[in-house]
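Q: Dropping a structure here in structure tokens format, bear with me for questions.
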Amino acid sequence: MASHSNGDKYSVLLPTYNERENLPLIVWLLVKYFGESGYEYEIIVIDDGSPDGTLEVAEQLQKIYGEDKILLRPRAKKLGLGTAYIHGIKHARGNYVFIMDADLSHHPKFIPEFIKKQREGGYDLVSGTRYRGDGGVYGWDLRRKLISRGANYVTQVLLRPGASDLTGSFRLYKKEVLVSLVERCVSKGYVFQMEMIVRARQLNYTIGEVPISFVDRVYGESKLGGNEIVSFLKGLLTLFATT
């Protein structure tokens with residue numbers, strides 16, 4: 001496959017916690033779609049001390065695919081998504097950075113579409129959206145759908161961020177843009193992705209969108225619970241008051 005990189009390299013940040021079943025599949029799919037597309041890439045696994053042996057699985061994947069493609073940057077314990085990105089960025093050699101979940105809810109088949117969209121518009125970031133075009137959500141019960149839709153609706157009304165999916169976490173950033181945004185974000189957990197978009201608009205970064213299909217995790221348990229919902233509402237009000 002001829003290279004389509006144009007000198008660009010894409011770093012994929014994969015924060016993991018108890019993803020030993022999912023990690024081999026998501027890495028295989030990433031290698032497949034990057035390989036078929038001819039883009040230069042690396043996958044950075046940031047495991048937060050998973051007790052299920054995720055890091056050991058990652059070490060085996062590194063032996064299979066090579067240390068140039070799979071970088072392991074583990075941490076001793078669970079420290080949060082925002083700090084995981086900060087940690088991962090420090091080791092990223094690409095000038096573009098993908099963030100995505102390791103639980104197979106984000107399919108790597110959309111990666112070429114993200115790259116195409118970014119190149120067409122020169123966007124500072126491209127966000128996957130479940131709520132435009134042929135995007136959608138599969139495998140969620142009504143409660144989860146209502147929470148997600150409601151969160152996005154309330155956020156649109158209060159903050160008018162100019163993007164349709166605020167809580168999604170499948171995105172492509174110019175590396176320097178991601179660094180700039182992460183440094184400014186103060187939120188944790190479910191609110192973090194939303195704040196990234198809000199801050200991007202504040203700083204006049206350009207945002208493109210790609211419709212994606214979001215599929216609920218196959219293995220493991222969802223990390224969204226009552227505490228996350230309360231934290232989201234608090235974070236939303238904080239952003240409303242400070243932006």
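To be explicit about the labels: the chains of the structure tokens are called A, B, and onward in the order shown, and within each one the residues are counted from 1, while ligands get numbers from 1 in the order they are shown.
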Write out as a ChimeraX atom specification which residues come within 8 Å of Ser213 in chain A when counting only C-alpha atoms, dropping same-chain ones fewer than 2 positions away.
A: /A:106-107,130,134-138,211,215
Q: Taking 5 positions as the minimum chain separation for residues in the same chain, which residues sit within 7 Å of range 193-203 of chain A when counting only C-alpha atoms? Answer as a PyMOL selection string.
A: chain A and resi 161+166-169+181+185+187
Q: When you look at Ala163 in chain A with a cut-off of 9 Å (counting only C-alpha atoms), what residues show up, excluding the ones that are within fewer than 4 positions of it in the same chain? I need them as a ChimeraX atom specification.
A: /A:127,129,156,197,207-209
Q: Residues of the last selection are to be written out with N, CA, C and O atoms, as an mmCIF file, in the first residue's frame.
A:
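What follows is the written file result.cif:
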data_model
loop_
_atom_site.group_PDB
_atom_site.id
_atom_site.type_symbol
_atom_site.label_atom_id
_atom_site.label_comp_id
_atom_site.auth_asym_id
_atom_site.auth_seq_id
_atom_site.Cartn_x
_atom_site.Cartn_y
_atom_site.Cartn_z
ATOM 1 N N SER A 127 -14.630 15.944 15.150
ATOM 2 C CA SER A 127 -15.329 15.212 16.206
ATOM 3 C C SER A 127 -16.319 14.229 15.598
ATOM 4 O O SER A 127 -17.058 14.568 14.675
ATOM 5 N N THR A 129 -19.735 12.340 15.516
ATOM 6 C CA THR A 129 -21.059 12.694 16.025
ATOM 7 C C THR A 129 -22.050 11.559 15.825
ATOM 8 O O THR A 129 -22.131 10.962 14.756
ATOM 9 N N GLN A 156 -26.418 22.276 24.533
ATOM 10 C CA GLN A 156 -26.633 23.129 23.361
ATOM 11 C C GLN A 156 -27.356 24.413 23.762
ATOM 12 O O GLN A 156 -27.008 25.508 23.309
ATOM 13 N N ILE A 197 -14.675 20.789 23.736
ATOM 14 C CA ILE A 197 -15.350 21.443 22.613
ATOM 15 C C ILE A 197 -15.651 22.905 22.931
ATOM 16 O O ILE A 197 -15.447 23.807 22.105
ATOM 17 N N ILE A 207 -13.895 23.344 13.910
ATOM 18 C CA ILE A 207 -14.360 21.999 14.253
ATOM 19 C C ILE A 207 -15.136 21.395 13.084
ATOM 20 O O ILE A 207 -16.121 21.965 12.617
ATOM 21 N N GLY A 208 -14.685 20.241 12.630
ATOM 22 C CA GLY A 208 -15.427 19.465 11.647
ATOM 23 C C GLY A 208 -16.109 18.299 12.332
ATOM 24 O O GLY A 208 -15.755 17.927 13.447
ATOM 25 N N GLU A 209 -17.113 17.714 11.665
ATOM 26 C CA GLU A 209 -17.819 16.580 12.255
ATOM 27 C C GLU A 209 -17.952 15.439 11.245
ATOM 28 O O GLU A 209 -18.157 15.663 10.057
#
Q: Run DSSP on the backbone and give me the residues of range 75-127 of chain A it puts in strand (DSSP E), as an MDAnalysis selection string.
A: chainID A and resid 96:99 125:127
Q: Give the alpha helix (DSSP H) residues of range 88-215 of chain A, as DSSP finds them on the backbone, and put them as number ranges by chain.
A: A: 88-91, 111-121, 142-159, 175-184, 192-202
Q: Determine the nearest neighbour of Gly49 in chain A from the options A:Phe192, A:Tyr17, A:Phe98, A:Tyr33, counting only C-alpha atoms.
A: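 Using only C-alpha atoms, Gly49 in chain A sits closest to A:Tyr17.
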Q: Would you pick out the contacts of Arg73 in chain A at 9 Å or less, using only C-alpha atoms, so that residues sharing its chain but fewer than 5 positions from it are not included, and give the list as a PyMOL selection string?
A: chain A and resi 44-47+87-88+91
Q: Keeping only all heavy atoms, write the selected residues as an mmCIF file, in the first residue's frame.
A:
data_model
loop_
_atom_site.group_PDB
_atom_site.id
_atom_site.type_symbol
_atom_site.label_atom_id
_atom_site.label_comp_id
_atom_site.auth_asym_id
_atom_site.auth_seq_id
_atom_site.Cartn_x
_atom_site.Cartn_y
_atom_site.Cartn_z
ATOM 1 N N ILE A 44 -0.708 4.443 21.269
ATOM 2 C CA ILE A 44 -0.151 4.636 22.607
ATOM 3 C C ILE A 44 -1.163 4.138 23.635
ATOM 4 O O ILE A 44 -2.244 4.722 23.790
ATOM 5 C CB ILE A 44 0.188 6.120 22.844
ATOM 6 C CG1 ILE A 44 1.165 6.619 21.782
ATOM 7 C CG2 ILE A 44 0.774 6.311 24.248
ATOM 8 C CD1 ILE A 44 1.460 8.105 21.860
ATOM 9 N N VAL A 45 -0.817 3.056 24.309
ATOM 10 C CA VAL A 45 -1.698 2.464 25.317
ATOM 11 C C VAL A 45 -1.329 3.038 26.683
ATOM 12 O O VAL A 45 -0.197 2.891 27.145
ATOM 13 C CB VAL A 45 -1.582 0.926 25.332
ATOM 14 C CG1 VAL A 45 -2.504 0.336 26.396
ATOM 15 C CG2 VAL A 45 -1.915 0.352 23.957
ATOM 16 N N ILE A 46 -2.306 3.693 27.314
ATOM 17 C CA ILE A 46 -2.092 4.322 28.617
ATOM 18 C C ILE A 46 -2.955 3.571 29.627
ATOM 19 O O ILE A 46 -4.122 3.892 29.836
ATOM 20 C CB ILE A 46 -2.479 5.817 28.579
ATOM 21 C CG1 ILE A 46 -1.758 6.527 27.424
ATOM 22 C CG2 ILE A 46 -2.155 6.501 29.903
ATOM 23 C CD1 ILE A 46 -2.551 7.652 26.817
ATOM 24 N N ASP A 47 -2.378 2.532 30.213
ATOM 25 C CA ASP A 47 -3.144 1.721 31.157
ATOM 26 C C ASP A 47 -2.971 2.248 32.576
ATOM 27 O O ASP A 47 -1.855 2.507 33.026
ATOM 28 C CB ASP A 47 -2.709 0.256 31.097
ATOM 29 C CG ASP A 47 -3.589 -0.612 31.971
ATOM 30 O OD1 ASP A 47 -4.796 -0.698 31.662
ATOM 31 O OD2 ASP A 47 -3.099 -1.159 32.974
ATOM 32 N N HIS A 87 -0.528 12.724 29.718
ATOM 33 C CA HIS A 87 0.547 11.731 29.778
ATOM 34 C C HIS A 87 0.848 11.186 28.384
ATOM 35 O O HIS A 87 2.011 11.071 27.985
ATOM 36 C CB HIS A 87 0.120 10.604 30.723
ATOM 37 C CG HIS A 87 1.171 9.567 30.942
ATOM 38 N ND1 HIS A 87 2.343 9.821 31.621
ATOM 39 C CD2 HIS A 87 1.222 8.262 30.573
ATOM 40 C CE1 HIS A 87 3.073 8.717 31.657
ATOM 41 N NE2 HIS A 87 2.418 7.756 31.036
ATOM 42 N N GLY A 88 -0.213 10.869 27.639
ATOM 43 C CA GLY A 88 -0.027 10.299 26.308
ATOM 44 C C GLY A 88 0.574 11.272 25.316
ATOM 45 O O GLY A 88 1.433 10.899 24.499
ATOM 46 N N HIS A 91 4.306 11.630 24.885
ATOM 47 C CA HIS A 91 5.022 10.563 24.191
ATOM 48 C C HIS A 91 4.608 10.438 22.724
ATOM 49 O O HIS A 91 5.149 9.593 22.011
ATOM 50 C CB HIS A 91 4.785 9.232 24.904
ATOM 51 C CG HIS A 91 5.186 9.254 26.350
ATOM 52 N ND1 HIS A 91 6.496 9.155 26.761
ATOM 53 C CD2 HIS A 91 4.442 9.393 27.485
ATOM 54 C CE1 HIS A 91 6.550 9.209 28.082
ATOM 55 N NE2 HIS A 91 5.323 9.362 28.545
#
Q: Can you tell me, as a PyMOL selection string, what residues are no more than 9 Å from Val126 in chain A when counting only C-alpha atoms, ignoring any on the same chain fewer than 2 positions away?
A: chain A and resi 114-115+117-118+123-124+128+170-173+206-210
Q: Which neighbours of Asn18 in chain A fall inside 10 Å, counting only C-alpha atoms, when residues of the same chain fewer than 2 positions from it are skipped, and could you give them as a PyMOL selection string?
A: chain A and resi 16+20-23+47-55+102-103+219-221
Q: To one decimal place in Å, what is the distance between CA of Glu113 in chain A and CA of Trp28 in chain A?
A: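 Computing it gives 18.4 Å between the two atoms.
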Q: For a test of reading the model, state the distance in Å between CA of Tyr205 in chain A and CA of Pro108 in chain A, rounded to one decimal.
A: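 Rounded to one decimal, the two atoms are 24.5 Å apart.
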Q: So what do you get for CA of Ala92 in chain A versus CA of Asn6 in chain A, distance-wise?
A: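 Those two atoms sit 18.0 Å apart.
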